Every structure is written in C-alpha cells, then in structure tokens.
Amino acid sequence: MNIYVDSKMSDNDRRKELYRGSIFTISPSPSALNLCQLAKDLIQEAFAPLDPLNLHEMLPPERCAQILAVLKPKFIHHPKAKEHLVGILRESGCDLEKTYFDVPRMRTAFPGDYLKSGIAYAFHPHRDTWYSAPFCQINWWMPVFDLTAENCMAIHPHYWAIPLKNGSSQYNYHRWNLESRRNAFQHVKTDTRVQPHPEEAVELDPQIRLVCNVGGAYLFSAAQLHSTVPNTSNLTRYSIDFRTVHLDDVMGRIGAPNVDSACTGTTIGDYLRGTDLSHLPQEAMALYLDGTESQHAQPVSTLR
Ligand SMILES: [Fe+2]
C-alpha cells in the first residue's frame, strides 16, 4: 500500500493503484479552491453573525441541525458546485467523457458530543462498499477550513485485505433512500436509522490521518475502512467529499476486491458524466441492478 503525493501518474494507472489500496493526495487546484470557497461562503452566510467554527459554544444543537438541514442541500445542489467539481476532475487528469461523479456532499464534525447524529452524522468505521457503492468507486475528500490531526478523518489500512464482521447484509441503498434520508435532520442526539456497523471489535490502529491544506484532496478506494476522527480540536471541521467511477471499470467490473460487503442495491444510478451530466448508459447500470431498486421505488411525487 502506497501513499502518492502529487503523482504525475495517468488516471488509468492511478485507478489501478487505488484498487490495490493506495492513497493519493493532490495539492489544491484552482477549481478545488473555488469549490471550498463556495462552501465557506454558504457556511458563513448560514450561521452569520456566529463564527461557524465555534457553534458548539453558542448555538443550541437543535437549531444548528435545522440550519444544516438547509445549508447542506443548498451546497449539494448549487449549480456552481458541479461546475467546480468537474474542474477538479479536469485538473486532476480525469477523462471527462468517461468519468462520472456524484454530487459533492458537505460534512461537519463538531467537537465533543455537541451534534453527532442525523444531519451531522459522525461516521463510525465503515467501507462505502457496505453502503451499496460499486467496487470501482473512488472517494475524494477535502477540508474547507484548516485541518488538524484532531478533527480529520482516518483510514484503517490493515482491513484492506482482512474481513470485518459487519451489518451490510441488512443494508439496501434504495430502501435507505426511501425511508431515511429525507428525515436525517430529525436525528439530533441519537440515530435510529439502520446503518451497516462493524459487528466485532475494530482495531483502529494503525490508522492514517491525512492532513492536507484547504482545497487539497485525498483519494481512496470505496473499499477502504475509514471513520470520522473524534473531534478533540475544539473547532468544527467542515469537509467536502464526492465519489467518481470510470466507465471502463464499470463496464469491466474492475475495482477493489470485496472482502466483506454483503449489501444489496446499488448507487450506480447516482453518477453523472463529467461532460454533459448524463447518467451512466443503461447497459452499464444493468450490470449492477439486482431487482431491489424496483421494490423500493420512490413515488414520483417525492423524487428530487
Ligand atoms: Fe465513507
């Protein structure tokens, strides 16, 4: 397992390395800085006149959750967010004709026990492949404000090849979408939604905490075990993450090995092409659909 810093490797070779468990860090590109600035502006506007890094000292958590419930979708669906994201892909050597992404998410990690569930969920150790992601999915993660080792995220690399007993067999992405996502803001102190957790003790160490500058990104496979670091910094962490897949790997079923994921459903319908925001071709999606998508179809009136 290797960590590459500003590698000149082609995207094709980079993906092969990612599927072997390697991690890539990329210095801030112009579009990444623009995306972070957009996030920062929206955050400051939403919480004004409060300092968004110190909300835990001055804002009731319920009120904070309400604001985040507006702020986060506003960022996700902001037209400039997709534009900057595509710019990041271009500046990182991705072929936009064949690279598909899902919309960028804004995440928060608050100090202590202030707000750790629902809209500000503190992610326990998990692989995204427990959540119905394809094995060719690559995760991109970047901080919006200055980051420290006390408020970042961690990768637990020794589980790359070691199975971990987990609840992914109970998880279906389509059911999750239908039942849970729209109610996330209601879960302020506890979270009753069924998520795939480890079902045995997890050895968190050794762990890799990558601390990059604002707009710097790190890339890792969706099959890596990763978690939110307990925030002991006394400052809120805001970060952006998004996911990509490459058409050739989707079609060829190429990706990281599956050591322990047993979920059903697929996120394959979420990705948008870098050039024209079209979805993956039907024949590509068909390789991943298992029939559960029609069991949990959303009523047309609730589709976003
Ligand atoms: Fe994740």
# chains A, B, ... in the order shown; residues from 1 in each chain; ligands from 1

$ residues_around --residues "segment 5-21 of chain A" --least-positions-apart "5" --cutoff "12 Å" --atoms "only C-alpha atoms" --output "ChimeraX atom specification"
/A:26-29,89-96,98-99,134-140,155-161,210,212,216-225,244-249,253-258

$ residues_around --residues "Asp290 of chain A" --least-positions-apart "3" --cutoff "12 Å" --atoms "only C-alpha atoms" --output "list in words"
Ser132, Asn172, Tyr173, His174, Cys263, Thr264, Gly265, Thr266, Thr267, Ile268, Met285, Ala286, Leu287, Glu293, Ser294, Gln295 and His296 of chain A

$ select_by_dssp --residues "segment 3-189 of chain A" --states "helix (DSSP H, G or I)" --output "VMD selection string"
chain A and resid 11 to 18 30 to 47 55 to 57 61 to 76 79 to 91 118 to 120 128 to 131 157 to 159 168 to 170 173 to 179 181 to 186

$ residues_around --residues "Lys74 of chain A" --least-positions-apart "3" --cutoff "12 Å" --atoms "only C-alpha atoms" --output "MDAnalysis selection string"
chainID A and resid 38:39 41:43 45:46 67:71 77:81 103:106

$ residues_near_ligand --ligand "ligand 1" --cutoff "7 Å" --atoms "only C-alpha atoms and all ligand atoms" --output "list of chain:residue names"
A:His126, A:Arg127, A:Asp128, A:His226

$ residues_around --residues "Tyr171 of chain A" --least-positions-apart "3" --cutoff "12 Å" --atoms "only C-alpha atoms" --output "list in words"
Asp128, Thr129, Trp130, Tyr131, Ser132, Ala133, Asn166, Gly167, Ser168, His174, Arg175, Trp176, Asn177, Glu179, Ser180, Arg193, Val194, Gln195, Pro196, His197, Ser261, Ala262, Cys263, Thr264, Gly265, Thr266 and Thr292 of chain A

$ write_last_selection --atoms "C-alpha atoms" --output "mmCIF file, in the first residue's frame"
data_model
loop_
_atom_site.group_PDB
_atom_site.id
_atom_site.type_symbol
_atom_site.label_atom_id
_atom_site.label_comp_id
_atom_site.auth_asym_id
_atom_site.auth_seq_id
_atom_site.Cartn_x
_atom_site.Cartn_y
_atom_site.Cartn_z
ATOM 1 C CA ASP A 128 -18.588 2.763 1.394
ATOM 2 C CA THR A 129 -18.996 -0.627 -0.281
ATOM 3 C CA TRP A 130 -21.120 -1.627 2.764
ATOM 4 C CA TYR A 131 -23.479 1.134 1.540
ATOM 5 C CA SER A 132 -24.050 -0.308 -1.953
ATOM 6 C CA ALA A 133 -21.186 1.537 -3.685
ATOM 7 C CA ASN A 166 -20.469 -6.202 9.716
ATOM 8 C CA GLY A 167 -24.161 -5.498 9.193
ATOM 9 C CA SER A 168 -24.039 -4.715 5.476
ATOM 10 C CA HIS A 174 -32.860 2.002 -2.362
ATOM 11 C CA ARG A 175 -34.697 1.274 0.881
ATOM 12 C CA TRP A 176 -32.388 3.703 2.716
ATOM 13 C CA ASN A 177 -33.208 6.445 0.232
ATOM 14 C CA GLU A 179 -37.118 5.584 4.349
ATOM 15 C CA SER A 180 -34.295 7.517 5.910
ATOM 16 C CA ARG A 193 -31.608 4.559 11.165
ATOM 17 C CA VAL A 194 -30.223 1.160 10.233
ATOM 18 C CA GLN A 195 -26.667 1.556 9.005
ATOM 19 C CA PRO A 196 -24.049 -1.122 8.443
ATOM 20 C CA HIS A 197 -21.791 -1.154 11.504
ATOM 21 C CA SER A 261 -19.571 -6.430 1.835
ATOM 22 C CA ALA A 262 -22.979 -8.113 1.593
ATOM 23 C CA CYS A 263 -25.386 -5.221 0.960
ATOM 24 C CA THR A 264 -27.967 -5.146 -1.800
ATOM 25 C CA GLY A 265 -28.958 -2.395 -4.188
ATOM 26 C CA THR A 266 -26.528 -0.065 -5.878
ATOM 27 C CA THR A 292 -34.262 -4.320 -5.323
#

$ atom_distance --atom1 "atom CA of Ala284 of chain A" --atom2 "atom CA of Gly252 of chain A"
9.2 Å
